[in-house]
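Asks: So here's my_file18.cif, just mmCIF, C-alpha atoms and all ligand atoms:
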data_protein
loop_
_atom_site.group_PDB
_atom_site.id
_atom_site.type_symbol
_atom_site.label_atom_id
_atom_site.label_comp_id
_atom_site.auth_asym_id
_atom_site.auth_seq_id
_atom_site.Cartn_x
_atom_site.Cartn_y
_atom_site.Cartn_z
ATOM 1 C CA MET A 1 -9.057 19.793 -8.353
ATOM 2 C CA ASP A 2 -8.645 18.820 -4.651
ATOM 3 C CA PRO A 3 -8.321 22.114 -2.662
ATOM 4 C CA THR A 4 -5.276 20.851 -0.731
ATOM 5 C CA LEU A 5 -3.534 19.880 -3.963
ATOM 6 C CA LEU A 6 -4.377 23.294 -5.434
ATOM 7 C CA ALA A 7 -2.944 25.026 -2.358
ATOM 8 C CA VAL A 8 0.258 22.958 -2.482
ATOM 9 C CA LEU A 9 0.591 23.669 -6.221
ATOM 10 C CA GLY A 10 0.069 27.394 -5.558
ATOM 11 C CA VAL A 11 2.819 27.475 -2.911
ATOM 12 C CA CYS A 12 5.213 25.439 -5.084
ATOM 13 C CA VAL A 13 4.680 27.664 -8.136
ATOM 14 C CA ARG A 14 5.085 30.801 -6.014
ATOM 15 C CA TRP A 15 8.381 29.341 -4.683
ATOM 16 C CA ILE A 16 9.521 28.608 -8.276
ATOM 17 C CA HIS A 17 8.622 32.189 -9.274
ATOM 18 C CA ILE A 18 10.456 33.883 -6.420
ATOM 19 C CA ALA A 19 13.469 31.492 -6.638
ATOM 20 C CA SER A 20 13.845 31.941 -10.429
ATOM 21 C CA VAL A 21 13.617 35.748 -10.325
ATOM 22 C CA THR A 22 16.063 35.808 -7.375
ATOM 23 C CA ALA A 23 18.579 33.797 -9.456
ATOM 24 C CA LEU A 24 18.011 36.027 -12.516
ATOM 25 C CA ILE A 25 18.144 39.499 -10.959
ATOM 26 C CA GLY A 26 20.658 38.362 -8.306
ATOM 27 C CA GLY A 27 22.923 37.051 -11.087
ATOM 28 C CA PHE A 28 22.934 40.444 -12.805
ATOM 29 C CA ILE A 29 23.533 42.295 -9.514
ATOM 30 C CA TYR A 30 26.571 40.031 -8.952
ATOM 31 C CA ALA A 31 27.793 40.526 -12.552
ATOM 32 C CA ARG A 32 27.541 44.329 -12.385
ATOM 33 C CA PHE A 33 28.581 45.096 -8.801
ATOM 34 C CA VAL A 34 30.957 42.220 -7.927
ATOM 35 C CA LEU A 35 32.435 40.676 -11.093
ATOM 36 C CA ALA A 36 32.742 43.855 -13.220
ATOM 37 C CA PRO A 37 34.790 45.811 -10.582
ATOM 38 C CA ALA A 38 36.997 42.728 -10.078
ATOM 39 C CA LEU A 39 37.690 42.523 -13.830
ATOM 40 C CA VAL A 40 38.882 46.159 -13.996
ATOM 41 C CA SER A 41 42.294 45.178 -12.566
ATOM 42 C CA LEU A 42 42.928 42.748 -15.458
ATOM 43 C CA PRO A 43 44.738 43.757 -18.690
ATOM 44 C CA ASN A 44 42.227 44.585 -21.474
ATOM 45 C CA THR A 45 42.360 41.305 -23.476
ATOM 46 C CA GLU A 46 42.141 39.159 -20.324
ATOM 47 C CA ARG A 47 39.259 41.289 -19.025
ATOM 48 C CA GLU A 48 37.270 40.864 -22.254
ATOM 49 C CA LEU A 49 37.981 37.096 -22.260
ATOM 50 C CA ALA A 50 37.060 36.621 -18.585
ATOM 51 C CA GLY A 51 33.902 38.690 -19.088
ATOM 52 C CA SER A 52 32.685 36.670 -22.067
ATOM 53 C CA ASN A 53 33.576 33.392 -20.302
ATOM 54 C CA ALA A 54 31.424 34.495 -17.346
ATOM 55 C CA VAL A 55 28.491 35.224 -19.692
ATOM 56 C CA ARG A 56 28.879 31.774 -21.261
ATOM 57 C CA SER A 57 28.782 30.169 -17.772
ATOM 58 C CA PHE A 58 25.740 32.276 -16.773
ATOM 59 C CA ARG A 59 23.771 31.493 -19.987
ATOM 60 C CA PRO A 60 22.145 28.108 -18.992
ATOM 61 C CA LEU A 61 21.085 29.473 -15.588
ATOM 62 C CA LEU A 62 19.844 32.710 -17.191
ATOM 63 C CA ILE A 63 17.694 30.917 -19.789
ATOM 64 C CA ALA A 64 16.323 28.421 -17.218
ATOM 65 C CA ALA A 65 15.448 31.249 -14.787
ATOM 66 C CA LEU A 66 13.717 33.253 -17.543
ATOM 67 C CA ILE A 67 11.605 30.259 -18.670
ATOM 68 C CA LEU A 68 10.658 29.341 -15.071
ATOM 69 C CA ALA A 69 9.850 32.987 -14.148
ATOM 70 C CA LEU A 70 7.627 33.344 -17.212
ATOM 71 C CA GLY A 71 5.839 29.999 -16.742
ATOM 72 C CA SER A 72 5.276 30.375 -13.000
ATOM 73 C CA GLY A 73 4.300 34.036 -13.446
ATOM 74 C CA MET A 74 1.642 33.127 -15.999
ATOM 75 C CA TYR A 75 0.288 30.441 -13.648
ATOM 76 C CA ASN A 76 0.273 32.929 -10.733
ATOM 77 C CA TYR A 77 -1.613 35.448 -12.879
ATOM 78 C CA ALA A 78 -4.150 33.012 -14.357
ATOM 79 C CA SER A 79 -4.864 31.203 -11.082
ATOM 80 C CA LYS A 80 -5.658 34.287 -8.981
ATOM 81 C CA ALA A 81 -9.073 34.125 -7.285
ATOM 82 C CA SER A 82 -9.797 37.818 -7.923
ATOM 83 C CA TYR A 83 -8.133 40.927 -9.388
ATOM 84 C CA PRO A 84 -8.380 44.045 -7.204
ATOM 85 C CA PRO A 85 -8.841 47.470 -8.896
ATOM 86 C CA THR A 86 -5.727 48.717 -10.762
ATOM 87 C CA TYR A 87 -4.159 45.165 -10.569
ATOM 88 C CA HIS A 88 -4.168 44.645 -14.353
ATOM 89 C CA MET A 89 -2.738 48.147 -14.928
ATOM 90 C CA TRP A 90 0.210 47.513 -12.606
ATOM 91 C CA MET A 91 0.698 43.996 -14.012
ATOM 92 C CA GLY A 92 0.785 45.562 -17.502
ATOM 93 C CA ILE A 93 3.564 47.946 -16.410
ATOM 94 C CA LYS A 94 5.392 45.008 -14.760
ATOM 95 C CA LEU A 95 5.165 42.918 -17.941
ATOM 96 C CA LEU A 96 6.530 45.772 -20.096
ATOM 97 C CA LEU A 97 9.586 45.954 -17.835
ATOM 98 C CA VAL A 98 9.846 42.132 -17.842
ATOM 99 C CA LEU A 99 9.902 42.311 -21.651
ATOM 100 C CA HIS A 100 12.872 44.692 -21.448
ATOM 101 C CA ILE A 101 14.638 42.367 -18.957
ATOM 102 C CA ALA A 102 13.986 39.224 -21.031
ATOM 103 C CA ALA A 103 15.020 40.786 -24.381
ATOM 104 C CA SER A 104 18.160 42.430 -22.940
ATOM 105 C CA ALA A 105 19.135 39.267 -21.026
ATOM 106 C CA ILE A 106 18.790 37.014 -24.081
ATOM 107 C CA ILE A 107 20.782 39.413 -26.319
ATOM 108 C CA TYR A 108 23.380 39.781 -23.501
ATOM 109 C CA SER A 109 23.773 35.985 -23.312
ATOM 110 C CA VAL A 110 24.148 35.315 -27.049
ATOM 111 C CA ARG A 111 25.775 38.409 -28.565
ATOM 112 C CA GLN A 112 29.573 39.011 -28.429
ATOM 113 C CA SER A 113 30.115 42.532 -27.005
ATOM 114 C CA SER A 114 32.661 44.558 -25.036
ATOM 115 C CA GLN A 115 32.873 44.476 -21.231
ATOM 116 C CA ALA A 116 31.810 48.154 -21.149
ATOM 117 C CA LYS A 117 28.647 47.284 -23.147
ATOM 118 C CA ARG A 118 27.966 44.301 -20.876
ATOM 119 C CA ASN A 119 28.264 46.547 -17.796
ATOM 120 C CA ARG A 120 25.663 48.947 -19.246
ATOM 121 C CA THR A 121 23.263 46.103 -20.051
ATOM 122 C CA GLU A 122 23.737 44.567 -16.591
ATOM 123 C CA LEU A 123 22.955 47.927 -14.922
ATOM 124 C CA SER A 124 19.786 48.479 -16.992
ATOM 125 C CA ILE A 125 18.563 44.945 -16.181
ATOM 126 C CA VAL A 126 19.266 45.458 -12.453
ATOM 127 C CA ILE A 127 17.311 48.747 -12.433
ATOM 128 C CA SER A 128 14.321 47.230 -14.306
ATOM 129 C CA GLY A 129 14.490 44.119 -12.105
ATOM 130 C CA LEU A 130 14.356 46.121 -8.853
ATOM 131 C CA VAL A 131 11.423 48.192 -10.169
ATOM 132 C CA VAL A 132 9.612 44.950 -11.191
ATOM 133 C CA ILE A 133 10.156 43.485 -7.700
ATOM 134 C CA ALA A 134 8.769 46.698 -6.167
ATOM 135 C CA ILE A 135 5.660 46.477 -8.413
ATOM 136 C CA ALA A 136 5.264 42.758 -7.562
ATOM 137 C CA THR A 137 5.367 43.572 -3.849
ATOM 138 C CA TYR A 138 2.706 46.266 -4.379
ATOM 139 C CA LEU A 139 0.585 43.758 -6.337
ATOM 140 C CA ARG A 140 0.859 41.416 -3.346
ATOM 141 C CA TYR A 141 -0.264 44.222 -1.048
ATOM 142 C CA LEU A 142 -3.233 45.004 -3.332
ATOM 143 C CA SER A 143 -4.171 41.303 -3.270
ATOM 144 C CA LEU A 144 -4.020 41.043 0.518
ATOM 145 C CA LYS A 145 -5.727 44.389 1.220
HETATM 146 C C1 LIG B 1 12.062 39.291 -14.343
HETATM 147 C C2 LIG B 1 10.852 38.939 -14.224
HETATM 148 C C3 LIG B 1 10.037 38.938 -12.931
HETATM 149 C C4 LIG B 1 10.355 39.351 -11.666
HETATM 150 C C5 LIG B 1 11.655 39.983 -11.175
HETATM 151 C C6 LIG B 1 9.182 39.081 -10.826
HETATM 152 C C7 LIG B 1 9.140 39.311 -9.447
HETATM 153 C C8 LIG B 1 8.106 38.859 -8.642
HETATM 154 C C9 LIG B 1 8.149 38.821 -7.187
HETATM 155 C C10 LIG B 1 9.352 39.230 -6.311
HETATM 156 C C11 LIG B 1 6.940 38.345 -6.761
HETATM 157 C C12 LIG B 1 6.497 38.071 -5.309
HETATM 158 C C13 LIG B 1 5.870 39.297 -4.737
HETATM 159 C C14 LIG B 1 5.348 38.980 -3.316
HETATM 160 O O1 LIG B 1 4.852 37.910 -3.093
HETATM 161 O O2 LIG B 1 5.455 39.892 -2.468
HETATM 162 C C15 LIG B 1 6.132 38.127 -7.938
HETATM 163 C C16 LIG B 1 4.816 37.719 -7.896
HETATM 164 C C17 LIG B 1 4.062 37.598 -9.020
HETATM 165 N N1 LIG B 1 4.480 37.643 -10.327
HETATM 166 FE FE1 LIG B 1 6.331 38.081 -10.965
HETATM 167 N N2 LIG B 1 8.182 38.551 -11.589
HETATM 168 C C18 LIG B 1 8.659 38.447 -12.886
HETATM 169 C C19 LIG B 1 7.978 37.980 -13.990
HETATM 170 C C20 LIG B 1 6.617 37.736 -13.985
HETATM 171 C C21 LIG B 1 5.835 37.400 -15.156
HETATM 172 C C22 LIG B 1 6.409 37.245 -16.562
HETATM 173 C C23 LIG B 1 4.520 37.291 -14.750
HETATM 174 C C24 LIG B 1 3.270 36.991 -15.534
HETATM 175 C C25 LIG B 1 3.168 36.548 -16.705
HETATM 176 C C26 LIG B 1 4.509 37.516 -13.310
HETATM 177 C C27 LIG B 1 3.358 37.454 -12.521
HETATM 178 C C28 LIG B 1 3.387 37.487 -11.142
HETATM 179 C C29 LIG B 1 2.187 37.321 -10.319
HETATM 180 C C30 LIG B 1 0.749 37.112 -10.813
HETATM 181 C C31 LIG B 1 2.614 37.373 -8.984
HETATM 182 C C32 LIG B 1 1.744 37.254 -7.720
HETATM 183 C C33 LIG B 1 1.402 38.674 -7.300
HETATM 184 C C34 LIG B 1 0.202 38.622 -6.342
HETATM 185 O O3 LIG B 1 0.415 38.246 -5.195
HETATM 186 O O4 LIG B 1 -0.895 38.913 -6.806
HETATM 187 N N3 LIG B 1 5.791 37.782 -12.870
HETATM 188 N N4 LIG B 1 6.870 38.444 -9.066
#
Produce structure tokens that represent the structure in this file.

Replies:
Amino acid sequence: MDPTLLAVLGVCVRWIHIASVTALIGGFIYARFVLAPALVSLPNTERELAGSNAVRSFRPLLIAALILALGSGMYNYASKASYPPTYHMWMGIKLLLVLHIAASAIIYSVRQSSQAKRNRTELSIVISGLVVIAIATYLRYLSLK
């Protein structure tokens, strides 16, 4: 493929990857640390209803972000020119955490549960997401070293 085209594709896919994971993890940070505290002031039935309505609104974005993150991530991984020592090990750890994020996010978006349960799931996804971003940044450092 033409090197310029390959470079443009690489930049575009990297943008898709970073934008999709920003929407995904950012969405859960908002749900847990902005929406959840705001819902506390509501009476119980209204809180549960507002919480499940928010999940229903988040679902299309959540699924789209997951699919784009996975697709662009696989392209990023497969199209790398070289893999520095320990890269595959750290990517393996990253992908295990991504599996937790993806499984929890999909169950969160389809299963009816209480607001308290949603808050716990949101927090666990935020923690895994921030650890994954830290590993991704380290992978970038390893690649540029
Ligand atoms: C929730 C899921 C994910 C999050 C939060 C995430 C986060 C990130 C971030 C923030 C970067 C940019 C790091 C930088 O440039 O400093 C990145 C890069 C990358 N991601 Fe992901 N990612 C996710 C899923 C995936 C998946 C599923 C794969 C592979 C199948 C993947 C493979 C990669 C690769 C290969 C890079 C480039 C790292 C390098 O420069 O060598 N990511 N990821």

Asks: Of the candidates A:Leu24, A:Ala136, A:Ile127, A:Ile93, which one gets nearest to Ile106 (chain A) if we count all atoms listed in the file?

Replies: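 Residue with the minimum atom-to-atom distance to Ile106 (chain A): A:Leu24.
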
Asks: So which residues are near ligand LIG 1 (chain B), meaning at most 6 Å away with all atoms listed in the file counted, given back as a list in words?

Replies: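 Within the 6 Å cut-off, the matching residues are Ile18, Val21, Ala69, Leu70, Gly73, Met74, Asn76, Tyr77, Leu95, Val98, Gly129, Val132, Ile133, Ala136, Thr137, Leu139, Arg140 and Ser143 of chain A.
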
Asks: Between A:Pro85, A:Pro37, A:Gly10, A:Gly71, which has the minimum distance to Gln115 (chain A) (counting all atoms listed in the file)?

Replies: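 Ranking A:Pro85, A:Pro37, A:Gly10, A:Gly71 by distance to Gln115 (chain A), first place goes to A:Pro37.
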
Asks: Please report the interatomic distance between CA of Ala103 (chain A) and CA of Tyr87 (chain A) in Å with one decimal.

Replies: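 It comes out at 24.0 Å.
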
Asks: With all atoms listed in the file as the atoms that count, which of A:Ala50, A:Ala19, A:Arg56, A:Ile101 lies nearest to Val131 (chain A)?

Replies: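 Nearest candidate to Val131 (chain A) out of A:Ala50, A:Ala19, A:Arg56, A:Ile101: A:Ile101.
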
Asks: How big is the axis-aligned box around all listed atoms of region 102-112 of chain A once 3 Å goes on each side, and where's its centre, in Å to one decimal, as lines of an AutoDock Vina configuration file?

Replies:
center_x = 21.8
center_y = 38.9
center_z = -24.8
size_x = 21.6
size_y = 13.1
size_z = 13.5

Asks: Pull out every residue that the PyMOL selection byres (((chain A and resi 60) around 12) and not hetatm) matches in the shown coordinates and put them as a PDB file with C-alpha atoms, in the frame of the given file.

Replies:
ATOM      1  CA  ALA A  23      18.579  33.797  -9.456  1.00  0.00           C
ATOM      2  CA  LEU A  24      18.011  36.027 -12.516  1.00  0.00           C
ATOM      3  CA  GLY A  27      22.923  37.051 -11.087  1.00  0.00           C
ATOM      4  CA  ALA A  54      31.424  34.495 -17.346  1.00  0.00           C
ATOM      5  CA  VAL A  55      28.491  35.224 -19.692  1.00  0.00           C
ATOM      6  CA  ARG A  56      28.879  31.774 -21.261  1.00  0.00           C
ATOM      7  CA  SER A  57      28.782  30.169 -17.772  1.00  0.00           C
ATOM      8  CA  PHE A  58      25.740  32.276 -16.773  1.00  0.00           C
ATOM      9  CA  ARG A  59      23.771  31.493 -19.987  1.00  0.00           C
ATOM     10  CA  LEU A  61      21.085  29.473 -15.588  1.00  0.00           C
ATOM     11  CA  LEU A  62      19.844  32.710 -17.191  1.00  0.00           C
ATOM     12  CA  ILE A  63      17.694  30.917 -19.789  1.00  0.00           C
ATOM     13  CA  ALA A  64      16.323  28.421 -17.218  1.00  0.00           C
ATOM     14  CA  ALA A  65      15.448  31.249 -14.787  1.00  0.00           C
ATOM     15  CA  LEU A  66      13.717  33.253 -17.543  1.00  0.00           C
ATOM     16  CA  ILE A  67      11.605  30.259 -18.670  1.00  0.00           C
ATOM     17  CA  ALA A 105      19.135  39.267 -21.026  1.00  0.00           C
ATOM     18  CA  ILE A 106      18.790  37.014 -24.081  1.00  0.00           C
ATOM     19  CA  SER A 109      23.773  35.985 -23.312  1.00  0.00           C
ATOM     20  CA  VAL A 110      24.148  35.315 -27.049  1.00  0.00           C
TER      21      VAL A 110
END

Asks: Mind giving me the straight-line distance from CA of Arg118 (chain A) to CA of Leu96 (chain A) in Å, one decimal?

Replies: 21.5 Å

Asks: Give me the residues near region 33-35 of chain A as an mmCIF file with C-alpha atoms, in the coordinates of the input, where near means some atom within 12 Å (using all atoms listed in the file) and where sequence neighbours in that chain fewer than 5 positions away do not count.

Replies:
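Written out: around-v7.cif:
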data_model
loop_
_atom_site.group_PDB
_atom_site.id
_atom_site.type_symbol
_atom_site.label_atom_id
_atom_site.label_comp_id
_atom_site.auth_asym_id
_atom_site.auth_seq_id
_atom_site.Cartn_x
_atom_site.Cartn_y
_atom_site.Cartn_z
ATOM 1 C CA GLY A 26 20.658 38.362 -8.306
ATOM 2 C CA GLY A 27 22.923 37.051 -11.087
ATOM 3 C CA PHE A 28 22.934 40.444 -12.805
ATOM 4 C CA VAL A 40 38.882 46.159 -13.996
ATOM 5 C CA SER A 41 42.294 45.178 -12.566
ATOM 6 C CA LEU A 42 42.928 42.748 -15.458
ATOM 7 C CA ARG A 47 39.259 41.289 -19.025
ATOM 8 C CA ALA A 50 37.060 36.621 -18.585
ATOM 9 C CA GLY A 51 33.902 38.690 -19.088
ATOM 10 C CA SER A 52 32.685 36.670 -22.067
ATOM 11 C CA ASN A 53 33.576 33.392 -20.302
ATOM 12 C CA ALA A 54 31.424 34.495 -17.346
ATOM 13 C CA VAL A 55 28.491 35.224 -19.692
ATOM 14 C CA GLN A 115 32.873 44.476 -21.231
ATOM 15 C CA ARG A 118 27.966 44.301 -20.876
ATOM 16 C CA ASN A 119 28.264 46.547 -17.796
ATOM 17 C CA ARG A 120 25.663 48.947 -19.246
ATOM 18 C CA GLU A 122 23.737 44.567 -16.591
ATOM 19 C CA LEU A 123 22.955 47.927 -14.922
ATOM 20 C CA VAL A 126 19.266 45.458 -12.453
#

Asks: Identify which of the residues A:Val8, A:Ile125, A:Leu144, A:Ala134 lies closest to His100 (chain A), counting only C-alpha atoms when measuring atom-to-atom distances.

Replies: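 Residue with the minimum atom-to-atom distance to His100 (chain A): A:Ile125.
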
Asks: Counting all atoms listed in the file, which residue out of A:Tyr141, A:Ala116, A:Ser124, A:Ser72 sits closest to Ile25 (chain A)?

Replies: A:Ser124

Asks: Which residue is closest to Gly92 (chain A)? Choose from A:Leu130, A:Leu68, A:Leu39, A:Ile135 and count only C-alpha atoms.

Replies: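 For Gly92 (chain A), the nearest of the candidates is A:Ile135.
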
Asks: Interatomic distance between CA of Arg32 (chain A) and CA of Leu49 (chain A)?

Replies: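 CA of Leu49 (chain A) lies 16.1 Å from CA of Arg32 (chain A).
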